[in-house]
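Undergrad: I am attaching a structure below and will ask some questions about it afterwards.
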Amino acid sequence: IGAGFGCLVGASFTNLSGRRLIGMLGDGAFQMSAQDVSTLLKYRRHAALFVLNNAGYAAERAIHPGKHRSYNDVQNWNYHLLGEAFGAEPGAYKGFEVHTEQDLAEALRSLEEVQGVNIVNIHLDPEDLASFNKNFSEKLKH
């Protein structure tokens, strides 16, 4: 958990072609390495980060359906404001907060040309889970 964003940051230093980097990050995993947003800003990297914000570890929640386990919940951050928290220079950062499909469509239009660090905070239901996670979690239930 949490390695995906670090891999994206590392890839940003090998991306000599200028292709945009796109990260799909779970909020719980992202919280383990989010400080590297500062690294992307410092070295003026270009990336679009989509944070799937379901307030915790949904894959873990699926292992114990119907049983609330507080350790699967994370503090809800304003992910779309992290650039400001890390002192982004003007123009080096954009943040988007998404609650609806229309919000997402507007964010995607704004990201046709990715410049700087862009974080899209996509609010999801805490029980929202990808099908592959559901299938895997089903096998781990106890």
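Starting from 1 in every chain, residues are counted up; chains themselves are A, B, ... following the order of the structure tokens, and ligands are numbered from 1 as listed.
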Identify, with DSSP run on backbone atoms, the residues in chain A assigned to strand (DSSP E), and express the list as a list of chain:residue names.
TA: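 Taking chain A and keeping strand (DSSP E) only, one gets A:Leu21, A:Ile22, A:Gly23, A:Met24, A:Leu25, A:Gly26, A:Ala47, A:Ala48, A:Leu49, A:Phe50, A:Val51, A:Leu52, A:Asn53, A:Tyr93, A:Lys94, A:Gly95, A:Phe96, A:Glu97, A:Val98, A:Val117, A:Asn118, A:Ile119, A:Val120, A:Asn121, A:Ile122, A:His123.
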Undergrad: Skipping near chain neighbours, those fewer than 2 positions away, what residues fall within 10 Å of Arg61 in chain A using only C-alpha atoms, listed as a list of chain:residue names?
TA: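 The residues that qualify are A:Gly56, A:Tyr57, A:Ala58, A:Ala59, A:Ile63, A:His64, A:Pro65, A:Gly66, A:Lys67, A:His68, A:Arg69, A:Ser70, A:Tyr71, A:Asn72, A:Asp73, A:Pro126, A:Glu127, A:Leu129, A:Lys134, A:Ser137.
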Undergrad: Can you work out which one of A:Glu113, A:Glu84, A:Lys42, A:Val120 has the shortest atom-to-atom distance to Val98 in chain A, counting only C-alpha atoms?
TA: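 Of all the options, A:Val120 lies closest to Val98 in chain A.
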Undergrad: Looking only at the backbone, which of the residues in chain A does DSSP tag as helix (DSSP H, G or I), as a VMD selection string?
TA: chain A and resid 3 to 12 27 to 30 34 to 42 58 to 63 70 to 72 79 to 85 101 to 110 131 to 140
Undergrad: Store the residues picked out above in a file with C-alpha atoms, as an mmCIF file, in the first residue's frame.
TA:
data_model
loop_
_atom_site.group_PDB
_atom_site.id
_atom_site.type_symbol
_atom_site.label_atom_id
_atom_site.label_comp_id
_atom_site.auth_asym_id
_atom_site.auth_seq_id
_atom_site.Cartn_x
_atom_site.Cartn_y
_atom_site.Cartn_z
ATOM 1 C CA ALA A 3 4.048 2.468 -3.378
ATOM 2 C CA GLY A 4 2.224 3.611 -6.506
ATOM 3 C CA PHE A 5 2.722 7.319 -5.952
ATOM 4 C CA GLY A 6 6.414 6.862 -5.186
ATOM 5 C CA CYS A 7 6.757 4.990 -8.479
ATOM 6 C CA LEU A 8 5.102 7.894 -10.300
ATOM 7 C CA VAL A 9 7.504 10.368 -8.688
ATOM 8 C CA GLY A 10 10.468 8.210 -9.714
ATOM 9 C CA ALA A 11 9.109 7.882 -13.240
ATOM 10 C CA SER A 12 8.889 11.675 -13.465
ATOM 11 C CA ASP A 27 -6.650 8.001 -0.497
ATOM 12 C CA GLY A 28 -5.365 5.646 2.211
ATOM 13 C CA ALA A 29 -2.368 4.612 0.139
ATOM 14 C CA PHE A 30 -1.689 8.184 -0.976
ATOM 15 C CA ALA A 34 1.758 12.317 -0.156
ATOM 16 C CA GLN A 35 4.716 14.411 1.004
ATOM 17 C CA ASP A 36 6.298 13.643 -2.374
ATOM 18 C CA VAL A 37 3.893 16.164 -3.901
ATOM 19 C CA SER A 38 6.541 18.545 -2.596
ATOM 20 C CA THR A 39 9.181 16.733 -4.683
ATOM 21 C CA LEU A 40 7.081 17.082 -7.836
ATOM 22 C CA LEU A 41 6.655 20.788 -7.136
ATOM 23 C CA LYS A 42 10.316 21.382 -6.312
ATOM 24 C CA ALA A 58 -12.132 0.117 1.098
ATOM 25 C CA ALA A 59 -10.401 -3.107 0.085
ATOM 26 C CA GLU A 60 -9.837 -3.855 3.755
ATOM 27 C CA ARG A 61 -13.420 -2.910 4.636
ATOM 28 C CA ALA A 62 -14.657 -5.478 2.125
ATOM 29 C CA ILE A 63 -12.929 -8.263 4.039
ATOM 30 C CA SER A 70 -12.008 2.220 12.696
ATOM 31 C CA TYR A 71 -8.479 1.279 11.611
ATOM 32 C CA ASN A 72 -9.772 1.114 8.027
ATOM 33 C CA TYR A 79 -6.183 16.580 -1.251
ATOM 34 C CA HIS A 80 -6.982 19.248 -3.820
ATOM 35 C CA LEU A 81 -5.277 21.833 -1.566
ATOM 36 C CA LEU A 82 -1.997 19.966 -0.988
ATOM 37 C CA GLY A 83 -0.128 22.139 -3.496
ATOM 38 C CA GLU A 84 -0.867 25.183 -1.361
ATOM 39 C CA ALA A 85 0.174 23.325 1.791
ATOM 40 C CA GLU A 101 -19.982 13.561 -12.746
ATOM 41 C CA GLN A 102 -20.230 17.157 -13.980
ATOM 42 C CA ASP A 103 -17.404 18.198 -11.627
ATOM 43 C CA LEU A 104 -15.281 15.367 -13.040
ATOM 44 C CA ALA A 105 -16.050 16.348 -16.634
ATOM 45 C CA GLU A 106 -14.979 19.943 -15.886
ATOM 46 C CA ALA A 107 -11.763 18.773 -14.232
ATOM 47 C CA LEU A 108 -10.946 16.512 -17.176
ATOM 48 C CA ARG A 109 -11.490 19.387 -19.621
ATOM 49 C CA SER A 110 -9.080 21.502 -17.582
ATOM 50 C CA SER A 131 -14.555 -5.129 -8.805
ATOM 51 C CA PHE A 132 -11.114 -6.767 -8.661
ATOM 52 C CA ASN A 133 -10.817 -5.671 -5.008
ATOM 53 C CA LYS A 134 -14.271 -7.088 -4.263
ATOM 54 C CA ASN A 135 -13.339 -10.436 -5.786
ATOM 55 C CA PHE A 136 -10.028 -10.619 -3.930
ATOM 56 C CA SER A 137 -11.589 -9.505 -0.639
ATOM 57 C CA GLU A 138 -14.297 -12.140 -1.012
ATOM 58 C CA LYS A 139 -11.578 -14.791 -0.942
ATOM 59 C CA LEU A 140 -10.063 -13.312 2.249
#
Undergrad: Can you work out which one of A:Leu16, A:Ala55, A:Met24, A:Ala92 has the shortest atom-to-atom distance to Asn118 in chain A, counting only C-alpha atoms?
TA: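 Looking at the shortest contact to Asn118 in chain A, the residue is A:Ala92.
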Undergrad: Env of Gly18 in chain A: 12 Å cut, atoms = only C-alpha atoms, seq-sep filter 6 positions within chain, self excluded. Answer as a list in words.
TA: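 Those residues are Ala11, Ser12, Arg44, Arg45, His46, Ala47, Glu113, Val114, Gln115 and Gly116 of chain A.
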Undergrad: With only C-alpha atoms as the basis for distance, which of A:Asn15, A:Gln31, A:Leu49, A:Gly23 is at the shortest distance from Gln75 in chain A?
TA: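 Among A:Asn15, A:Gln31, A:Leu49, A:Gly23, it is A:Gln31 that comes nearest to Gln75 in chain A.
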Undergrad: Hey, can you check how far CA of Gly26 in chain A sits from CA of Asn53 in chain A?
TA: 6.5 Å
